[in-house]
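Engineer: Could you have a look at this structure, given as C-alpha cells, before my questions?
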Amino acid sequence: MGVMLGALMLILGVVLFLLLPILRGEWAGMARSKGELTDAEARKRAALKALRDVEYDYHTGKLDDADYSDLKTALSRDALHAMKRADQAEQAESGEVASAHSGSAATTGDDDLEAEIERARAGLRAGRACGNCGELNVEGSRFCVTCGATLASEAAQA
Amino acid sequence: MTLLGEIALWVALPVALWGTVLSFVGGRQDRGDLVLSGERAVHAVFALLLVVSAGIIAAFLGDRFEYWYVASYSNRDLDTYYKISGLWAGQRGSLVFWALLLSLFSSITVFGNRFKNREFMPYVTGTLLAISSFFLIVLLFANVNPFERLDFLPADGQGLNPQLQNYWMTIHPPTLYLGFTAFTVPFAFAISALLTGRLDARWLVLTRRWILLSWFFLTNGIVFGMRWAYEELGWGGYWFWDPVENASLLPWLTATAFLHSIQIQENRGMLKVWNMGLVTLTFLLTVFATFLTRSGLIESVHTFAQELTIAVIFLTFMGLLTIICTVLIVWRWPLLKTENQIQSFVSRESAFLFNNLIFLGAAFTVLWGTLLPLITEGLMGEKIAVGPPFFNRVNIPIGLALLALMGIGPVIAWRRASTRNLRKNFLFPMLFGIGVFAAFAVAGSRQWMALTTFGLSAFVLAIVFVEFWKGTRARARIEGEGAARAFYHLVARNRRRWGGYIVHVGVVMIFTAFAGEAFDDEITQTVNPGDQILISSPFGHDYTLEYQGVSTTLRTGNMAWQAMAFLTVSKNGRPVGTMTSEKRMYFTWEAPVTEVGILSSPLEDLYVIFEDAEDLAGAVQNEAGSQQVTLEVQVNPLVGWIWYGGLIMTIGSLIAIWPSRGSIPATSVAHVEPEPAAAAV
C-alpha cells in the first residue's frame, strides 16, 4: 500500500513538474544572449588566433623569414576582412542606433582596422583570461567568448 | 524500494518520449514553454533512473533472489562492495547504468546551458532524450528488464564470477561507460548544429571539454581493463584482441582521430564534413560497443539468436541514426564547405590528416577482425578465428606510423613548413632516436620491431622536450620570468596544447611497454619444496625462486578452500622478497580459479602462475606428501610502464580539461607585452 502511494506521488510529481511551464506560460530563453559569440566574431577570433600561431611557429624556429612574412601578410588581410565583417554584423544587430562605441564601429576605414587588429592582438597578448574557464579573450571583451562569464570585474580590478 | 524502482522505469519512458517530442517541436516553433518542459523532462528522467538504480541496489543488498538478475549475479556471501557493483555486473544492470550516466550528463548539460547557447539547446535536449528513450525501450521491451521475477524463490543466488571479484573490475566498466555516455553530449551538439545550420566551429568549442572528458574516461577505462586482465586472467598478458576489448578500443580510436581533426577545423575552417562524420561514427561505435558486449552476440551467433529482440532494436537504432545523420550532413553540405585548402603537403594540417587516416585505418582493421568471425559463423556456420597474430601484424606498423607522426606533427608549422627549418628542428631528435636504436643493436638485440619502437619513442620524447624547452625559454626571455614561472605560465596559457604533449609522453611510455613484450622470458617447471627455479631478466640479472610449499585454508569467506604456493625470491643471490600464487575454489563456482603472484619493480615484473598441483586433493588437505606443483614463472620487462604511461596520459588530459580559475594572476591582465611572440607562448 505504501509503495502504491509512493508511486502515485512520484507520477503526480513528475506530471506536474513537466506540465507547469506550459500551464503557467513559463518560457525558456530561445535566442542567443548578449555577449555570446556570433559567426562573424568567431571568424575574427580564428583569424587572430591564426596570426598568433604563425608568430609562435616563427619564434620557435619552425618558419623561416620569407614564409613568415608571406603568411603574416596574408593572415593580416584575412583578419582585417573578418573584423570588418564582425563590425558590420554588430552594426546590423544594433540597428539604426549604431552608437559610436569607442569610435570603431562607425569607422570602417582600413587604417582604423589596422589599429584595431593591433589593439585586439594586444588584448590577446595581455591575456584577458576568463576567470571561469581560462579562455583568452580579446581586450575590451565584456563576456568570455567560450563560457559567457562576465569579464568586466576583472578589468576593473586591474 | 525495488518495486518503486520498477515503477520508475516504466514512468521514465513516457517522460523521455514527451521531452523528446516537445524539445524538437518547441525548437521548431520557437515555443519557450515547450522547450522548458522538455528540459525539465531531462531532469525528471535522471531522477527516475536514480530511483531505478537504487531499486536494483536495494534488491542486491536485500538478497532478493526472486529477481532473476540478482539471483544470477549475487549470493548471500558476496561482499557488500560487490553487491553494490552488481548494478553493472551483468547485461541488464549495466544497461540501466548506461542510461543513468547518460541522463546524468544530459542533466548537467541542460543545467549548465540554461542561460546560454539557447539556440542550440532545444535540439540538444531532444537528441539526448531520444537516446535515453532508446535505452529505456531496450530495457522494457527487449527481454532484459532487470526487475524480471523468477517463478520460484531460490534459496541463494548463483554468485558473481570470481574473476569479476576484483577491484579493477568494479571500476573498469563504470569508467568505460562514463566515456561512452559523455560522448553523447558532443554528438547531440553536432546534431543541433546541423539542424540549426550554425555550422561554424562554435559547436566544437562548446563541446571541446566534453570530448576531452569522454576521451579521458575511455582511456582510463581501457587501461583499467588491461590492468584487470593482467592481474586476474593469469597468463601474463594484458591485451587479447578479444571482441570485448576491441569494442572499447574502436570508439577510442575514432575519438582520438576526432580530437586531432577538430583542431584543423578550429584553426583553419577545414574538414567540417569529416568532423561531422567522425562525431557520428564515434557515437555509433559507443552504441555498437554496448551492443557487442551486452547482447550475447560475442559468445556465438547461435546462442545470440535467442536474444533476437535486443539485436533487432539495436540494429534498427544504429541504422536509423546512420540514415538521419547522413541525410542531415547531405542537406547541410553547402554550409559545410571548407574555408581553406591545404597549402602544402609538408604542413601540420597534412600531418593531422595522415594521423586521421591512420587512426581510421586502425579502427577499420579492428572492426573487421572483430566482426569477421561472427559474419563467417552466421553465413557459413563455421567460425573463422581471427586471433592476435592478425591484429598484431596489421596494427604494429600502424602504431609505428602513428608514433612517427606524433614526433613530426608538433614541429611542422601550420600551413607550410620550409625544409630548411625542418632539418634544423629534426636534427637533434632524429640523432637521439637513431642513437637509441643503434645502442640497442650494438648491445646485441635483434628484435627489430621493438628497436624501431624504442628509437621512435626516443625521437618523440626529444621533440616534446625541445618544444617545452624552447617555449619556456622564449617566454622567460620575453617576460623576464624565472624558468619555473615561465614554464607554469606556458602551460597555463595553452593547456590544450601542452596537456596534449604530456599525453603524448604517456603514449610513448605505453608503446615502449608494448615493445618490451618482445623480451619476455618464461619458464614452466614442476617443483617440490626446496626446489629452485632460475630465470634471467633481459636487463642482465638473474632471479632465483625457491619453492617453499603449499598452504591451504579451508572455508574462508565465500571460498571452499584457498591453496597458496609460497616462493622466496632472490635477485643475483640477494633476497628481494616472497611471492605467492593461489588456487581458489569458490562455493558458487564449479572449477578452481588461479590468482597470480606479481612482484613489480620499475623496469620489470616477476609473474608467477600456480598452474597445477600433482595431487590437488592432497594439497588441499595439507598433506606433506602432496606438495609437488607446476609453476610458470615469467619476467615481463617494462610492463609497469603501461600503468605509469596511463597515469601520465591521465595527468595530461586533466591539464587539458581543467578550468583554470584564477590560475593567471590579475596583474597580467592589463599588462601589454612588448614582443608579439609572447602571445603565442
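Residue numbering restarts at 1 for every chain of the C-alpha cells, chains are lettered A, B, ... in their displayed order, and ligands are numbered from 1 as they appear.
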Tell me, which residues of region 429-634 of chain B carry DSSP alpha helix (DSSP H), written as an mmCIF file with C-alpha atoms, in the first residue's frame?
Structural biologist:
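Resulting contents of selection.cif:
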```
data_model
loop_
_atom_site.group_PDB
_atom_site.id
_atom_site.type_symbol
_atom_site.label_atom_id
_atom_site.label_comp_id
_atom_site.auth_asym_id
_atom_site.auth_seq_id
_atom_site.Cartn_x
_atom_site.Cartn_y
_atom_site.Cartn_z
ATOM 1 C CA PRO B 429 65.661 14.450 -32.009
ATOM 2 C CA MET B 430 66.424 12.315 -35.054
ATOM 3 C CA LEU B 431 70.022 11.743 -33.984
ATOM 4 C CA PHE B 432 68.808 10.913 -30.493
ATOM 5 C CA GLY B 433 66.319 8.351 -31.847
ATOM 6 C CA ILE B 434 68.890 6.770 -34.143
ATOM 7 C CA GLY B 435 71.371 6.723 -31.266
ATOM 8 C CA VAL B 436 68.937 4.807 -29.035
ATOM 9 C CA PHE B 437 68.202 2.365 -31.843
ATOM 10 C CA ALA B 438 71.910 1.852 -32.500
ATOM 11 C CA ALA B 439 72.722 1.444 -28.820
ATOM 12 C CA PHE B 440 70.294 -1.464 -28.510
ATOM 13 C CA ALA B 441 71.505 -3.021 -31.752
ATOM 14 C CA VAL B 442 75.129 -2.783 -30.607
ATOM 15 C CA TRP B 448 63.901 -5.012 -34.984
ATOM 16 C CA MET B 449 60.269 -4.020 -34.390
ATOM 17 C CA ALA B 450 60.996 -3.386 -30.729
ATOM 18 C CA LEU B 451 64.175 -1.455 -31.524
ATOM 19 C CA THR B 452 62.284 0.683 -34.045
ATOM 20 C CA THR B 453 59.729 1.426 -31.346
ATOM 21 C CA PHE B 454 62.440 2.404 -28.879
ATOM 22 C CA GLY B 455 64.125 4.625 -31.470
ATOM 23 C CA LEU B 456 60.882 6.357 -32.469
ATOM 24 C CA SER B 457 59.896 6.771 -28.811
ATOM 25 C CA ALA B 458 63.199 8.473 -28.094
ATOM 26 C CA PHE B 459 62.600 10.707 -31.127
ATOM 27 C CA VAL B 460 59.137 11.758 -29.871
ATOM 28 C CA LEU B 461 60.384 12.355 -26.327
ATOM 29 C CA ALA B 462 63.187 14.542 -27.650
ATOM 30 C CA ILE B 463 60.711 16.542 -29.749
ATOM 31 C CA VAL B 464 58.380 17.088 -26.804
ATOM 32 C CA PHE B 465 61.272 18.041 -24.563
ATOM 33 C CA VAL B 466 62.594 20.547 -27.096
ATOM 34 C CA GLU B 467 59.094 22.037 -27.524
ATOM 35 C CA PHE B 468 58.785 22.602 -23.785
ATOM 36 C CA TRP B 469 62.309 23.896 -23.534
ATOM 37 C CA LYS B 470 62.011 26.350 -26.436
ATOM 38 C CA GLY B 471 58.628 27.573 -25.271
ATOM 39 C CA THR B 472 59.818 28.112 -21.717
ATOM 40 C CA ARG B 473 62.967 29.833 -22.886
ATOM 41 C CA ALA B 474 61.066 32.167 -25.224
ATOM 42 C CA ARG B 475 58.606 33.064 -22.505
ATOM 43 C CA ALA B 476 61.294 33.525 -19.881
ATOM 44 C CA ARG B 477 63.191 35.849 -22.214
ATOM 45 C CA ILE B 478 60.203 37.927 -23.253
ATOM 46 C CA GLU B 479 58.538 38.165 -19.861
ATOM 47 C CA ALA B 483 62.296 29.294 -15.652
ATOM 48 C CA ALA B 484 59.789 27.663 -13.299
ATOM 49 C CA ARG B 485 57.335 30.546 -13.529
ATOM 50 C CA ALA B 486 57.721 30.786 -17.298
ATOM 51 C CA PHE B 487 57.105 27.048 -17.603
ATOM 52 C CA TYR B 488 53.987 27.274 -15.460
ATOM 53 C CA HIS B 489 52.580 30.186 -17.470
ATOM 54 C CA LEU B 490 53.481 28.491 -20.737
ATOM 55 C CA VAL B 491 51.314 25.510 -19.847
ATOM 56 C CA ALA B 492 48.560 27.563 -18.219
ATOM 57 C CA ARG B 493 48.121 29.797 -21.281
ATOM 58 C CA ARG B 495 46.654 23.987 -21.680
ATOM 59 C CA ARG B 496 45.247 22.019 -24.556
ATOM 60 C CA ARG B 497 48.496 22.117 -26.495
ATOM 61 C CA TRP B 498 50.793 21.336 -23.586
ATOM 62 C CA GLY B 499 48.414 18.897 -21.928
ATOM 63 C CA GLY B 500 48.334 17.133 -25.277
ATOM 64 C CA TYR B 501 52.112 16.881 -25.356
ATOM 65 C CA ILE B 502 52.106 15.374 -21.875
ATOM 66 C CA VAL B 503 49.554 12.820 -23.082
ATOM 67 C CA HIS B 504 51.986 12.021 -25.898
ATOM 68 C CA VAL B 505 54.685 11.246 -23.339
ATOM 69 C CA GLY B 506 52.307 8.760 -21.696
ATOM 70 C CA VAL B 507 51.546 7.188 -25.073
ATOM 71 C CA VAL B 508 55.256 6.826 -25.760
ATOM 72 C CA MET B 509 55.696 5.013 -22.439
ATOM 73 C CA ILE B 510 52.872 2.624 -23.291
ATOM 74 C CA PHE B 511 54.326 1.916 -26.734
ATOM 75 C CA THR B 512 57.687 1.244 -25.124
ATOM 76 C CA ALA B 513 55.978 -1.206 -22.782
ATOM 77 C CA PHE B 514 54.348 -2.963 -25.743
ATOM 78 C CA ALA B 515 57.742 -3.296 -27.378
ATOM 79 C CA GLY B 516 59.143 -4.649 -24.118
ATOM 80 C CA LEU B 616 45.322 -31.164 -5.625
ATOM 81 C CA ALA B 617 43.046 -33.016 -3.186
ATOM 82 C CA GLY B 618 46.040 -33.915 -1.032
ATOM 83 C CA ALA B 619 47.425 -30.401 -1.223
ATOM 84 C CA VAL B 620 44.095 -29.017 -0.150
#
```
Engineer: Record the distance separating CA of Gln562 (chain B) and CA of Glu590 (chain B), expressed in Å with one decimal.
Structural biologist: 14.3 Å
Engineer: Nearest to chain B among A:Leu5, A:Ala66, A:Leu16, A:Ala46, with distances taken over only C-alpha atoms: which residue is it?
Structural biologist: A:Ala46
Engineer: How many Å separate CA of Phe24 (chain B) from CA of Ala130 (chain B)?
Structural biologist: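 Going from CA of Phe24 (chain B) over to CA of Ala130 (chain B) covers 10.2 Å.
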Engineer: What gap, in Å, lies between CA of Gln91 (chain A) and CA of Arg32 (chain A)?
Structural biologist: 16.4 Å
Engineer: Using backbone DSSP assignments, extract all strand (DSSP E) residues from region 312-553 of chain B; output them as JSON, numbers by chain.
Structural biologist: {"B": [521, 522, 523, 524, 525, 526, 527, 532, 533, 534, 535, 536, 542, 543, 544, 545, 546, 547, 548, 549, 550, 551, 552, 553]}
Engineer: Got a sec: who's within 8 Å of Leu75 (chain A), counting only C-alpha atoms, leaving out chain neighbours fewer than 5 positions off, as an mmCIF file with C-alpha atoms, in the first residue's frame?
Structural biologist:
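This went into out09.cif:
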```
data_model
loop_
_atom_site.group_PDB
_atom_site.id
_atom_site.type_symbol
_atom_site.label_atom_id
_atom_site.label_comp_id
_atom_site.auth_asym_id
_atom_site.auth_seq_id
_atom_site.Cartn_x
_atom_site.Cartn_y
_atom_site.Cartn_z
ATOM 1 C CA ALA A 47 41.878 34.863 -37.780
ATOM 2 C CA ALA A 50 45.967 32.084 -36.682
ATOM 3 C CA LEU A 51 48.213 35.143 -36.546
#
```
